[in-house]
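Below is target25.txt, which holds compact mmCIF, C-alpha atoms.
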```txt
# COMPACT_ATOMS: atom_id res chain seq x y z
CA MET A 1052 43.65 -10.18 -48.75
CA ALA A 1053 46.77 -7.97 -48.54
CA ASP A 1054 49.25 -8.65 -45.75
CA ASN A 1055 49.02 -5.16 -44.24
CA ASP A 1056 46.77 -3.15 -41.94
CA SER A 1057 44.53 -1.80 -44.71
CA GLU A 1058 40.82 -2.44 -44.46
CA LEU A 1059 38.67 -4.15 -47.08
CA ASP A 1060 38.94 -2.94 -50.67
CA PRO A 1061 36.50 0.02 -50.80
CA PHE A 1062 35.78 -0.47 -54.48
CA SER A 1063 34.05 -3.78 -53.77
CA ASP A 1064 31.26 -1.58 -52.36
CA LYS A 1065 29.31 -0.16 -55.30
CA SER A 1066 28.13 2.78 -53.18
CA PHE A 1067 31.71 3.90 -52.58
CA ASP A 1068 32.39 7.21 -54.31
CA GLN A 1069 35.73 7.01 -56.14
CA PHE A 1070 35.69 10.80 -56.48
CA TRP A 1071 35.07 11.41 -52.79
CA LEU A 1072 38.13 13.67 -52.47
CA ASN A 1073 36.62 16.01 -55.06
CA ASN A 1074 33.63 16.42 -52.77
CA VAL A 1075 35.78 16.94 -49.68
CA PHE A 1076 37.92 19.59 -51.42
CA PRO A 1077 35.67 20.97 -54.18
CA ASP A 1078 37.67 24.20 -54.59
CA ALA A 1079 41.08 22.76 -55.42
CA GLU A 1080 42.30 26.04 -56.92
CA ASN A 1081 42.14 27.80 -53.54
CA LEU A 1082 43.48 24.98 -51.36
CA PHE A 1083 46.89 26.61 -51.16
CA ALA A 1084 45.27 29.70 -49.62
CA VAL A 1085 43.86 27.73 -46.69
CA LYS A 1086 45.64 28.43 -43.40
CA GLN A 1087 44.82 29.13 -39.77
CA LYS A 1088 45.13 32.63 -38.41
CA PRO A 1089 47.22 32.72 -35.21
CA LEU A 1090 45.28 32.32 -31.97
CA GLU A 1091 46.72 35.57 -30.63
CA GLU A 1092 45.21 37.37 -33.59
CA ILE A 1093 41.66 36.06 -33.15
CA LYS A 1094 41.33 35.37 -29.40
CA ASN A 1095 39.62 38.68 -28.54
CA VAL A 1096 37.12 38.72 -31.41
CA CYS A 1097 36.34 35.11 -32.36
CA LEU A 1098 33.36 32.91 -31.52
CA VAL A 1099 33.85 30.29 -28.80
CA ALA A 1100 31.85 27.04 -29.03
CA LEU A 1101 31.67 24.60 -26.09
CA ASP A 1102 31.54 20.81 -26.39
CA ALA A 1103 29.49 18.66 -24.00
CA ASN A 1104 32.60 17.10 -22.47
CA VAL A 1105 33.85 20.59 -21.56
CA LEU A 1106 30.51 21.53 -20.00
CA LEU A 1107 30.82 18.46 -17.75
CA LEU A 1108 34.37 19.19 -16.52
CA PRO A 1109 33.38 21.56 -13.66
CA TYR A 1110 31.78 18.66 -11.79
CA GLU A 1111 35.28 17.48 -10.94
CA MET A 1112 37.08 20.73 -10.21
CA GLY A 1113 37.27 23.12 -7.27
CA ALA A 1114 34.67 25.81 -6.67
CA GLU A 1115 37.26 28.58 -7.09
CA SER A 1116 38.34 27.25 -10.48
CA PHE A 1117 34.76 26.95 -11.68
CA SER A 1118 34.11 30.50 -10.50
CA LYS A 1119 37.00 31.74 -12.67
CA ILE A 1120 35.72 29.74 -15.63
CA ALA A 1121 32.21 31.12 -15.14
CA GLU A 1122 33.67 34.64 -15.23
CA ILE A 1123 35.29 33.87 -18.59
CA TYR A 1124 32.03 32.43 -19.93
CA LYS A 1125 30.08 35.46 -18.69
CA SER A 1126 32.53 37.84 -20.36
CA LEU A 1127 32.19 35.93 -23.64
CA VAL A 1128 28.38 35.97 -23.31
CA ASN A 1129 28.38 39.72 -22.74
CA GLU A 1130 30.49 40.12 -25.89
CA ASP A 1131 28.01 37.87 -27.78
CA ARG A 1132 30.80 35.42 -28.65
CA LEU A 1133 29.93 32.24 -26.71
CA PHE A 1134 27.60 29.54 -28.02
CA VAL A 1135 26.71 25.92 -27.32
CA PRO A 1136 25.69 23.66 -30.23
CA ALA A 1137 22.29 22.14 -29.46
CA GLN A 1138 23.69 18.61 -29.68
CA ALA A 1139 26.33 19.49 -27.06
CA ALA A 1140 23.58 20.82 -24.75
CA ARG A 1141 21.62 17.58 -25.21
CA GLU A 1142 24.66 15.42 -24.50
CA PHE A 1143 25.48 17.48 -21.40
CA VAL A 1144 22.01 16.98 -19.93
CA LYS A 1145 22.00 13.31 -20.91
CA ASN A 1146 25.29 12.65 -19.08
CA ARG A 1147 24.87 15.02 -16.13
CA ALA A 1148 22.91 12.59 -13.94
CA SER A 1149 25.46 9.79 -14.28
CA LYS A 1150 28.25 12.28 -13.53
CA LEU A 1151 26.54 13.36 -10.29
CA ARG A 1152 25.80 9.75 -9.37
CA ASP A 1153 29.41 8.71 -9.85
CA LEU A 1154 30.72 11.64 -7.83
CA THR A 1155 28.47 10.90 -4.84
CA LYS A 1156 29.53 7.26 -5.05
CA GLN A 1157 33.19 8.29 -4.95
CA ILE A 1158 32.52 10.39 -1.84
CA GLY A 1159 30.71 7.47 -0.22
CA ASP A 1160 33.50 5.04 -1.08
CA GLN A 1161 36.08 7.32 0.49
CA ALA A 1162 33.99 7.80 3.64
CA SER A 1163 33.59 4.04 3.96
CA THR A 1164 37.36 3.66 4.30
CA LEU A 1165 37.25 5.77 7.46
CA ASN A 1166 36.78 2.81 9.78
CA PHE A 1167 38.73 2.28 12.96
CA SER A 1168 36.57 0.65 15.58
CA PHE A 1169 38.38 -0.95 18.52
CA HIS A 1170 36.26 -3.07 20.90
CA LYS A 1171 38.61 -5.81 21.95
CA GLU A 1172 39.28 -5.93 25.69
CA ILE A 1173 42.93 -6.38 26.65
CA GLY A 1174 42.98 -6.95 30.38
CA PHE A 1175 46.54 -6.03 31.21
CA LEU A 1176 46.16 -2.68 29.36
CA GLU A 1177 42.87 -1.79 30.98
CA LYS A 1178 44.41 0.98 33.10
CA ASP A 1179 46.96 2.12 30.52
CA THR A 1180 46.22 5.75 29.61
CA VAL A 1181 47.46 5.43 26.02
CA PHE A 1182 45.30 2.34 25.45
CA SER A 1183 42.29 4.15 26.90
CA ASP A 1184 42.94 7.09 24.59
CA ILE A 1185 43.08 4.72 21.58
CA LYS A 1186 39.66 3.36 22.51
CA ASP A 1187 38.25 6.87 22.92
CA GLN A 1188 39.62 7.99 19.55
CA SER A 1189 38.18 4.84 17.97
CA GLU A 1190 34.72 5.79 19.17
CA ILE A 1191 35.14 9.34 17.83
CA ILE A 1192 36.14 7.97 14.40
CA ALA A 1193 33.19 5.58 14.35
CA ALA A 1194 30.79 8.40 15.23
CA ALA A 1195 32.33 10.67 12.55
CA ARG A 1196 32.02 7.92 9.95
CA ALA A 1197 28.36 7.36 10.80
CA LYS A 1198 27.68 11.10 10.54
CA LEU A 1199 29.53 11.33 7.23
CA LEU A 1200 27.59 8.46 5.69
CA THR A 1201 24.31 10.04 6.81
CA GLN A 1202 25.28 13.38 5.29
CA ILE A 1203 26.36 11.71 2.04
CA LYS A 1204 22.97 10.02 1.81
CA GLU A 1205 21.31 13.42 2.30
CA LEU A 1206 23.53 14.96 -0.40
CA ARG A 1207 22.76 12.13 -2.77
CA ARG A 1208 19.04 12.44 -2.09
CA SER A 1209 19.16 16.21 -2.61
CA LEU A 1210 20.93 15.86 -5.96
CA ALA A 1211 18.60 13.06 -7.05
CA ASP A 1212 15.41 14.89 -6.04
CA ASN A 1213 16.30 18.31 -7.50
CA VAL A 1214 17.24 17.86 -11.14
CA GLY A 1215 19.07 20.90 -12.48
CA ALA A 1216 19.61 22.44 -9.03
CA ASP A 1217 23.26 21.50 -8.57
CA PRO A 1218 25.73 24.46 -8.50
CA VAL A 1219 27.08 23.86 -12.02
CA SER A 1220 23.61 23.66 -13.58
CA VAL A 1221 22.50 26.80 -11.73
CA VAL A 1222 25.39 28.79 -13.26
CA TYR A 1223 24.66 27.37 -16.70
CA GLN A 1224 20.99 28.34 -16.38
CA GLU A 1225 22.06 31.94 -15.97
CA LEU A 1226 24.69 31.93 -18.72
CA MET A 1227 23.67 29.43 -21.37
CA MET A 1228 19.90 29.65 -21.71
CA LYS A 1229 20.07 31.93 -24.74
CA ARG A 1230 23.41 30.71 -26.06
CA VAL A 1231 22.25 27.39 -27.55
CA VAL A 1232 22.38 27.27 -31.37
CA SER A 1233 20.24 24.72 -33.22
CA LEU A 1234 20.19 23.37 -36.75
CA PRO A 1235 16.94 23.32 -38.77
CA ASP A 1236 15.03 20.27 -37.53
CA SER A 1237 12.30 19.33 -39.98
CA GLU A 1238 11.99 15.73 -41.18
CA GLN A 1239 13.50 16.81 -44.49
CA ASP A 1240 16.43 18.48 -42.70
CA ARG A 1241 17.02 15.39 -40.59
CA GLN A 1242 17.05 13.13 -43.64
CA LYS A 1243 19.49 15.42 -45.44
CA LEU A 1244 21.83 15.43 -42.44
CA SER A 1245 21.56 11.67 -42.06
CA ASP A 1246 22.41 11.10 -45.72
CA GLU A 1247 25.39 13.44 -45.54
CA MET A 1248 26.65 11.79 -42.35
CA LYS A 1249 26.46 8.32 -43.90
CA TRP A 1250 28.39 9.48 -46.96
CA ARG A 1251 31.05 11.15 -44.85
CA TYR A 1252 31.45 8.19 -42.51
CA LYS A 1253 31.67 5.71 -45.38
CA HIS A 1254 34.51 7.76 -46.83
CA LYS A 1255 36.05 8.56 -43.40
CA VAL A 1256 35.54 12.30 -43.72
CA PRO A 1257 35.93 13.96 -40.29
CA PRO A 1258 34.59 14.46 -37.74
CA GLY A 1259 32.74 11.68 -35.95
CA TYR A 1260 33.27 8.58 -38.06
CA LYS A 1261 35.25 6.92 -35.27
CA ASP A 1262 32.08 7.02 -33.13
CA GLY A 1263 30.16 4.91 -35.64
CA SER A 1264 29.70 2.09 -33.14
CA LYS A 1265 27.71 4.26 -30.72
CA ASP A 1266 23.99 3.74 -30.23
CA ASP A 1267 23.17 6.82 -32.33
CA GLY A 1268 25.57 5.81 -35.09
CA GLY A 1269 28.03 8.49 -33.98
CA ILE A 1270 25.99 11.41 -35.30
CA GLY A 1271 26.77 13.63 -32.28
CA ASP A 1272 30.14 15.04 -33.39
CA PHE A 1273 28.83 15.52 -36.92
CA LEU A 1274 25.84 17.57 -35.71
CA ILE A 1275 28.07 19.69 -33.48
CA TRP A 1276 30.42 20.34 -36.39
CA LYS A 1277 27.57 21.26 -38.74
CA THR A 1278 26.31 23.72 -36.12
CA ILE A 1279 29.75 25.32 -35.84
CA LEU A 1280 29.88 25.66 -39.63
CA GLU A 1281 26.43 27.24 -39.82
CA GLU A 1282 27.07 29.70 -36.98
CA GLY A 1283 30.47 30.62 -38.43
CA LYS A 1284 28.87 31.26 -41.82
CA LYS A 1285 26.01 33.26 -40.32
CA ARG A 1286 28.27 35.44 -38.16
CA GLY A 1287 31.31 35.56 -40.48
CA PHE A 1288 33.66 35.06 -37.52
CA ASP A 1289 36.69 32.97 -36.73
CA CYS A 1290 35.97 30.31 -34.10
CA ILE A 1291 37.56 28.35 -31.27
CA PHE A 1292 35.90 25.02 -30.54
CA VAL A 1293 36.63 24.01 -26.95
CA THR A 1294 36.70 20.22 -26.62
CA LYS A 1295 38.71 17.46 -25.00
CA ASP A 1296 38.16 15.11 -27.95
CA LEU A 1297 41.57 13.95 -29.21
CA LYS A 1298 40.47 11.17 -31.58
CA GLY A 1299 41.85 10.75 -35.07
CA ASP A 1300 38.64 11.99 -36.68
CA TRP A 1301 39.43 15.47 -35.30
CA TRP A 1302 43.23 15.36 -35.23
CA VAL A 1303 46.14 14.05 -37.25
CA GLN A 1304 47.79 11.64 -34.83
CA GLY A 1305 51.51 11.61 -34.05
CA GLN A 1306 52.39 10.79 -30.45
CA GLY A 1307 48.95 12.12 -29.60
CA ALA A 1308 46.97 14.90 -31.28
CA PHE A 1309 49.46 16.60 -33.62
CA GLN A 1310 47.46 18.89 -35.86
CA PRO A 1311 43.75 19.47 -36.66
CA ARG A 1312 42.51 17.52 -39.65
CA VAL A 1313 42.98 19.74 -42.69
CA GLU A 1314 39.55 18.67 -43.98
CA LEU A 1315 37.98 20.55 -41.06
CA ILE A 1316 40.19 23.63 -41.41
CA GLU A 1317 39.45 23.82 -45.15
CA GLU A 1318 35.72 23.18 -44.74
CA TYR A 1319 35.32 26.00 -42.20
CA PHE A 1320 37.50 28.28 -44.37
CA ARG A 1321 35.40 27.56 -47.45
CA TYR A 1322 32.04 27.57 -45.67
CA THR A 1323 32.63 30.93 -43.96
CA GLY A 1324 34.41 32.70 -46.80
CA GLY A 1325 37.91 32.64 -45.35
CA SER A 1326 37.55 32.38 -41.57
CA THR A 1327 39.65 30.24 -39.22
CA VAL A 1328 38.71 27.52 -36.75
CA HIS A 1329 40.92 26.26 -33.91
CA PHE A 1330 40.37 23.32 -31.53
CA LEU A 1331 41.49 23.80 -27.92
CA SER A 1332 41.15 22.07 -24.59
CA LEU A 1333 39.55 24.13 -21.82
CA SER A 1334 42.92 24.51 -20.07
CA SER A 1335 44.50 25.78 -23.30
CA LEU A 1336 41.69 28.33 -23.76
CA LEU A 1337 42.19 29.56 -20.19
CA GLU A 1338 45.93 29.90 -20.78
CA LEU A 1339 45.24 31.82 -23.99
CA LEU A 1340 42.92 34.19 -22.10
CA GLU A 1341 45.52 34.57 -19.32
CA VAL A 1342 43.49 33.08 -16.47
CA SER A 1343 45.44 32.42 -13.26
CA ALA A 1344 47.99 29.59 -13.28
CA GLU A 1345 46.25 27.95 -10.30
CA THR A 1346 42.99 27.64 -12.22
CA VAL A 1347 44.76 26.32 -15.33
CA THR A 1348 46.59 23.72 -13.23
CA ASP A 1349 43.34 22.57 -11.62
CA VAL A 1350 41.65 22.23 -15.00
CA LYS A 1351 44.61 20.27 -16.41
CA ARG A 1352 44.35 17.94 -13.41
CA VAL A 1353 40.66 17.35 -14.13
CA GLU A 1354 41.29 16.80 -17.85
CA ALA A 1355 43.95 14.20 -17.02
CA ASN A 1356 41.59 12.49 -14.55
CA VAL A 1357 38.85 12.31 -17.18
CA VAL A 1358 41.26 10.59 -19.58
CA GLN A 1359 42.14 8.09 -16.84
CA GLN A 1360 38.42 7.41 -16.32
CA ILE A 1361 37.94 6.80 -20.04
CA ILE A 1362 40.82 4.33 -19.99
CA ARG A 1363 39.42 2.52 -16.95
CA SER A 1364 35.86 2.38 -18.25
CA ASP A 1365 36.49 1.81 -21.95
CA ILE A 1366 39.93 0.32 -22.57
CA GLN A 1367 40.87 -1.65 -19.46
CA PRO A 1368 37.75 -3.88 -19.50
CA ARG A 1369 38.85 -4.97 -22.97
CA LEU A 1370 42.29 -5.82 -21.62
CA ARG A 1371 40.71 -8.67 -19.70
CA GLN A 1372 39.03 -10.04 -22.79
CA ARG A 1373 40.91 -12.50 -24.93
CA SER A 1374 39.12 -13.28 -28.17
CA SER A 1375 40.89 -16.05 -30.04
CA PRO A 1376 41.26 -16.10 -33.83
CA LEU A 1377 39.26 -18.49 -35.94
CA SER A 1378 40.40 -22.03 -35.36
CA ASP A 1379 43.21 -23.14 -37.66
CA ASP A 1380 43.02 -26.84 -36.85
CA ILE A 1381 40.38 -27.56 -39.52
CA PRO A 1382 41.95 -29.32 -42.55
CA LEU A 1383 41.17 -26.96 -45.41
CA ASN A 1384 41.17 -29.75 -48.01
CA GLU A 1385 38.03 -31.06 -46.29
CA VAL A 1386 36.18 -27.74 -46.43
CA SER A 1387 33.80 -26.84 -49.26
CA LEU A 1388 34.41 -23.76 -51.38
CA ARG A 1389 31.30 -22.13 -49.91
CA ASP A 1390 32.67 -22.67 -46.40
CA LEU A 1391 36.08 -21.35 -47.46
CA ALA A 1392 34.37 -18.18 -48.72
CA ARG A 1393 32.46 -17.90 -45.43
CA MET A 1394 35.68 -18.32 -43.45
CA ARG A 1395 37.37 -15.54 -45.42
CA ARG A 1396 34.42 -13.22 -44.71
CA GLU A 1397 34.64 -14.05 -41.01
CA ILE A 1398 38.39 -13.38 -41.01
CA ASP A 1399 37.87 -10.02 -42.74
CA GLN A 1400 35.23 -9.04 -40.19
CA LYS A 1401 37.37 -10.19 -37.28
CA ILE A 1402 40.34 -8.13 -38.48
CA LEU A 1403 38.14 -5.05 -38.77
CA GLU A 1404 36.94 -5.62 -35.19
CA LEU A 1405 40.53 -5.96 -33.97
CA HIS A 1406 41.47 -2.72 -35.74
CA LYS A 1407 38.56 -0.98 -34.05
CA GLU A 1408 39.61 -2.27 -30.63
CA ALA A 1409 43.24 -1.29 -31.20
CA ARG A 1410 42.58 2.35 -32.14
CA PRO A 1411 41.95 3.81 -28.63
CA ILE A 1412 44.87 1.80 -27.24
CA ARG A 1413 47.22 3.04 -29.96
CA SER A 1414 45.94 6.60 -29.52
CA THR A 1415 46.73 6.42 -25.80
CA ILE A 1416 50.18 4.89 -26.26
CA GLU A 1417 51.10 7.46 -28.92
CA ASN A 1418 50.05 10.43 -26.77
CA SER A 1419 53.12 11.47 -24.80
CA GLU A 1420 51.11 13.55 -22.30
CA LEU A 1421 48.77 10.67 -21.52
CA VAL A 1422 51.65 8.23 -21.19
CA GLU A 1423 53.24 10.49 -18.59
CA SER A 1424 50.01 10.53 -16.55
CA LEU A 1425 49.53 6.74 -16.45
CA ASP A 1426 50.94 4.40 -13.83
CA GLU A 1427 53.31 1.66 -14.99
CA SER A 1428 50.85 -1.21 -14.44
CA THR A 1429 48.26 0.47 -16.69
CA LEU A 1430 50.89 1.16 -19.33
CA LEU A 1431 52.07 -2.43 -19.20
CA GLU A 1432 48.51 -3.69 -19.68
CA LEU A 1433 48.05 -1.38 -22.66
CA PHE A 1434 51.29 -2.55 -24.30
CA GLU A 1435 50.41 -6.21 -23.64
CA ARG A 1436 46.97 -5.79 -25.19
CA ASP A 1437 48.43 -3.95 -28.18
CA GLN A 1438 50.86 -6.84 -28.73
CA ASP A 1439 48.06 -9.37 -28.32
CA LEU A 1440 45.92 -7.59 -30.93
CA ARG A 1441 48.84 -7.49 -33.35
CA ARG A 1442 49.44 -11.22 -32.79
CA GLN A 1443 45.78 -12.02 -33.46
CA ARG A 1444 45.78 -10.02 -36.69
CA SER A 1445 48.96 -11.79 -37.82
CA GLN A 1446 47.41 -15.21 -37.13
CA LEU A 1447 44.26 -14.26 -39.01
CA ARG A 1448 46.25 -13.09 -42.03
CA SER A 1449 48.24 -16.30 -41.96
CA ARG A 1450 45.00 -18.30 -41.92
CA ASP A 1451 43.63 -16.20 -44.77
CA HIS A 1452 46.80 -16.93 -46.76
CA GLN A 1453 46.29 -20.67 -46.17
CA ILE A 1454 42.71 -20.43 -47.44
CA HIS A 1455 43.85 -18.44 -50.47
CA SER A 1456 46.47 -21.11 -51.25
CA GLU A 1457 43.87 -23.87 -50.92
CA ILE A 1458 41.53 -22.08 -53.35
CA ASN A 1459 44.40 -21.67 -55.84
CA ARG A 1460 45.32 -25.35 -55.45
CA ARG A 1461 41.77 -26.42 -56.30
CA ALA A 1462 41.62 -24.02 -59.24
CA SER A 1463 44.88 -25.42 -60.61
CA ALA A 1464 43.71 -28.99 -60.11
CA GLN A 1465 40.45 -28.30 -61.89
CA SER A 1466 42.15 -26.58 -64.83
CA GLY A 1467 44.50 -29.56 -65.21
CA GLU A 1468 41.73 -32.11 -65.46
```

Hey, can you dump this file as structure tokens for me?
Amino acid sequence: MADNDSELDPFSDKSFDQFWLNNVFPDAENLFAVKQKPLEEIKNVCLVALDANVLLLPYEMGAESFSKIAEIYKSLVNEDRLFVPAQAAREFVKNRASKLRDLTKQIGDQASTLNFSFHKEIGFLEKDTVFSDIKDQSEIIAAARAKLLTQIKELRRSLADNVGADPVSVVYQELMMKRVVSLPDSEQDRQKLSDEMKWRYKHKVPPGYKDGSKDDGGIGDFLIWKTILEEGKKRGFDCIFVTKDLKGDWWVQGQGAFQPRVELIEEYFRYTGGSTVHFLSLSSLLELLEVSAETVTDVKRVEANVVQQIIRSDIQPRLRQRSSPLSDDIPLNEVSLRDLARMRREIDQKILELHKEARPIRSTIENSELVESLDESTLLELFERDQDLRRQRSQLRSRDHQIHSEINRRASAQSGE
């Protein structure tokens, strides 16, 4: 095994296509013609596709900001330019309930901190007017807290008992009902999409292959992208895909998302006969369309908060885990060749797992905007975990080198007999 960060030799897998780049860029002659049109040139005429994560953002922003966003969406609908890939609509509905649940919990947690109840009798202050006022205010706070908790329970019950009746969903019902675009969905179509996805993910063709560990195999981003391609081809328009996804299977990474993956730009260009696709955050779209600075600032705040939540829910739990490398205290000269081969397979698998765990941490550390939004303790934890993962990979490679040397020693001994 090579002493670098590369993964297993792809050519050991007989299903690996050595000519995969030919399939990704089939029209090599026209590759030099591929470029993005400027956003200013297309912003008033292009299609606008919404990702599920963008549809969920309004649950964490102010009513005034959402009202401004709804106006933009309505304008785009009236111009027949807005659409929602069917997979994005499904993911929105799937995640909406947990979003509402978490928000009501946050409100309840904050209300629970409002607790100042003073019942202790202090005899010598009994007639002190300030002390009496403190006791009176304590009772007012206790009563307000009780009322708040009751109202929060009512709000929670209302949201739980009336699916689809929350303010965000009501606006979407008016705007999005006829804006959902679906792919053909026969069994044959599904099999064709599944086969294409597996080929693309095996060869790390964007988008979506970084979500391969998800329950659905990471097919969501792939289906959304295929829908964007089909709608762009059907309409013959340029397109802006509004998403907060900054992973390396959408973007070339360099201190964060640097540039869209050229595979995606070229594929849309080729698929639509020369049209352009851009990827923007919701705040960037609003800036482009010259929405008020207050609304843009509020949306940026929400986008930053969502990133923090992802870090807390996805990355930080892993920071507390410490998975040790395979034990290196076993004398290798006492291990059979079959067991040595098994140990090498386990090391290879472990290194792949460590790479997978390191990717979101590296992506966060390399994103200058995210780094600015994180507190120092979180940053320190991320750096410590990154160092720990590097150390583990180094130890595993060292152990693999020892096994390799032991195999060579036995081969030399056998050839000398």

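Distance check against Ala1148 of chain A using all atoms listed in the file: of A:Glu1205, A:Asp1217, A:Asp1131, A:Glu1190, the minimum falls on A:Asp1217.
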
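The residues that lie within 10 Å of the point (43.1, 22.1, -36.3), counting all atoms listed in the file, are Lys1086, Gln1087, Ile1291, Phe1292, Trp1301, Trp1302, Val1303, Ala1308, Phe1309, Gln1310, Pro1311, Arg1312, Val1313, Glu1314, Leu1315, Ile1316, Glu1317, Thr1327, Val1328, His1329, Phe1330 and Leu1331 of chain A.
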
Pick from A:Glu1225, A:Ser1456, A:Lys1243, A:Arg1152, whichever lies nearest to Leu1206 of chain A using only C-alpha atoms: A:Arg1152

Non-local contacts of segment 1256-1271 of chain A (8 Å; only C-alpha atoms; under 3 positions in same chain excluded) as a list in words: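 Skipping anything fewer than 3 positions along the chain leaves Val1075, Gln1138, Ala1139, Met1248, Arg1251, Tyr1252, Lys1253, Leu1274, Ile1275, Trp1276, Lys1298, Gly1299, Asp1300, Trp1301, Arg1312, Glu1314 and Leu1315 of chain A.
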
Selection: 9 Å around Pro1109 of chain A, all atoms listed in the file, excl. self and same-chain fewer than 4 positions, as a list in words: Val1105, Gly1113, Ala1114, Ser1116, Phe1117, Ile1120, Val1219, Val1350 and Val1353 of chain A

Expected file contents, prior selection, C-alpha atoms, as a PDB file, in the coordinates of the input:
```pdb
ATOM      1  CA  VAL A1105      33.850  20.590 -21.560  1.00  0.00           C
ATOM      2  CA  GLY A1113      37.270  23.120  -7.270  1.00  0.00           C
ATOM      3  CA  ALA A1114      34.670  25.810  -6.670  1.00  0.00           C
ATOM      4  CA  SER A1116      38.340  27.250 -10.480  1.00  0.00           C
ATOM      5  CA  PHE A1117      34.760  26.950 -11.680  1.00  0.00           C
ATOM      6  CA  ILE A1120      35.720  29.740 -15.630  1.00  0.00           C
ATOM      7  CA  VAL A1219      27.080  23.860 -12.020  1.00  0.00           C
ATOM      8  CA  VAL A1350      41.650  22.230 -15.000  1.00  0.00           C
ATOM      9  CA  VAL A1353      40.660  17.350 -14.130  1.00  0.00           C
TER      10      VAL A1353
END
```

Shortest interatomic distance to Asn1074 of chain A - which of A:His1254, A:Leu1127, A:Ser1334, A:Glu1111, counting all atoms listed in the file: A:His1254

Given all atoms listed in the file as the counted atoms, nearest of A:Lys1284, A:Arg1461, A:Lys1125, A:His1406 to Leu1388 of chain A: A:Arg1461

d(atom CA of Thr1415 of chain A, atom CA of Thr1294 of chain A) in Å: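 These two atoms are separated by 17.1 Å.
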
Atom CA of Ala1137 of chain A to atom CA of Arg1286 of chain A, straight-line distance in Å: 17.0 Å

Protein/DNA/RNA residues near (40.7, 31.0, -26.6), cut 9 Å, all atoms listed in the file, as a PyMOL selection string: chain A and resi 1090-1091+1093-1095+1097+1099+1290-1293+1329+1331+1333+1335-1340

Just write the chosen residues, C-alpha atoms, as a PDB file, in the coordinates of the input.
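And here is the file that came out, selection38.pdb:
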```pdb
ATOM      1  CA  LEU A1090      45.280  32.320 -31.970  1.00  0.00           C
ATOM      2  CA  GLU A1091      46.720  35.570 -30.630  1.00  0.00           C
ATOM      3  CA  ILE A1093      41.660  36.060 -33.150  1.00  0.00           C
ATOM      4  CA  LYS A1094      41.330  35.370 -29.400  1.00  0.00           C
ATOM      5  CA  ASN A1095      39.620  38.680 -28.540  1.00  0.00           C
ATOM      6  CA  CYS A1097      36.340  35.110 -32.360  1.00  0.00           C
ATOM      7  CA  VAL A1099      33.850  30.290 -28.800  1.00  0.00           C
ATOM      8  CA  CYS A1290      35.970  30.310 -34.100  1.00  0.00           C
ATOM      9  CA  ILE A1291      37.560  28.350 -31.270  1.00  0.00           C
ATOM     10  CA  PHE A1292      35.900  25.020 -30.540  1.00  0.00           C
ATOM     11  CA  VAL A1293      36.630  24.010 -26.950  1.00  0.00           C
ATOM     12  CA  HIS A1329      40.920  26.260 -33.910  1.00  0.00           C
ATOM     13  CA  LEU A1331      41.490  23.800 -27.920  1.00  0.00           C
ATOM     14  CA  LEU A1333      39.550  24.130 -21.820  1.00  0.00           C
ATOM     15  CA  SER A1335      44.500  25.780 -23.300  1.00  0.00           C
ATOM     16  CA  LEU A1336      41.690  28.330 -23.760  1.00  0.00           C
ATOM     17  CA  LEU A1337      42.190  29.560 -20.190  1.00  0.00           C
ATOM     18  CA  GLU A1338      45.930  29.900 -20.780  1.00  0.00           C
ATOM     19  CA  LEU A1339      45.240  31.820 -23.990  1.00  0.00           C
ATOM     20  CA  LEU A1340      42.920  34.190 -22.100  1.00  0.00           C
TER      21      LEU A1340
END
```

Nearest to Ile1454 of chain A, chosen from A:Leu1151, A:Ala1140, A:Leu1108, A:Met1394, with all atoms listed in the file counted in the distances: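 Among the listed residues, the smallest separation from Ile1454 of chain A belongs to A:Met1394.
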
Would you mind writing segment 1397-1404 of chain A with N, CA and C atoms, as a PDB file, in the frame of the given file?
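This is the output file rebuild07.pdb:
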```pdb
ATOM      1  N   GLU A1397      34.520 -14.136 -42.468  1.00  0.00           N
ATOM      2  CA  GLU A1397      34.640 -14.050 -41.010  1.00  0.00           C
ATOM      3  C   GLU A1397      36.005 -13.494 -40.600  1.00  0.00           C
ATOM      4  N   ILE A1398      37.046 -13.893 -41.302  1.00  0.00           N
ATOM      5  CA  ILE A1398      38.390 -13.380 -41.010  1.00  0.00           C
ATOM      6  C   ILE A1398      38.445 -11.873 -41.271  1.00  0.00           C
ATOM      7  N   ASP A1399      37.894 -11.446 -42.428  1.00  0.00           N
ATOM      8  CA  ASP A1399      37.870 -10.020 -42.740  1.00  0.00           C
ATOM      9  C   ASP A1399      37.164  -9.229 -41.643  1.00  0.00           C
ATOM     10  N   GLN A1400      35.996  -9.735 -41.212  1.00  0.00           N
ATOM     11  CA  GLN A1400      35.230  -9.040 -40.190  1.00  0.00           C
ATOM     12  C   GLN A1400      35.978  -9.000 -38.858  1.00  0.00           C
ATOM     13  N   LYS A1401      36.625 -10.119 -38.533  1.00  0.00           N
ATOM     14  CA  LYS A1401      37.370 -10.190 -37.280  1.00  0.00           C
ATOM     15  C   LYS A1401      38.536  -9.204 -37.279  1.00  0.00           C
ATOM     16  N   ILE A1402      39.225  -9.075 -38.393  1.00  0.00           N
ATOM     17  CA  ILE A1402      40.340  -8.130 -38.480  1.00  0.00           C
ATOM     18  C   ILE A1402      39.854  -6.700 -38.314  1.00  0.00           C
ATOM     19  N   LEU A1403      38.712  -6.393 -38.925  1.00  0.00           N
ATOM     20  CA  LEU A1403      38.140  -5.050 -38.770  1.00  0.00           C
ATOM     21  C   LEU A1403      37.810  -4.777 -37.299  1.00  0.00           C
ATOM     22  N   GLU A1404      37.265  -5.779 -36.606  1.00  0.00           N
ATOM     23  CA  GLU A1404      36.940  -5.620 -35.190  1.00  0.00           C
ATOM     24  C   GLU A1404      38.203  -5.392 -34.362  1.00  0.00           C
TER      25      GLU A1404
END
```
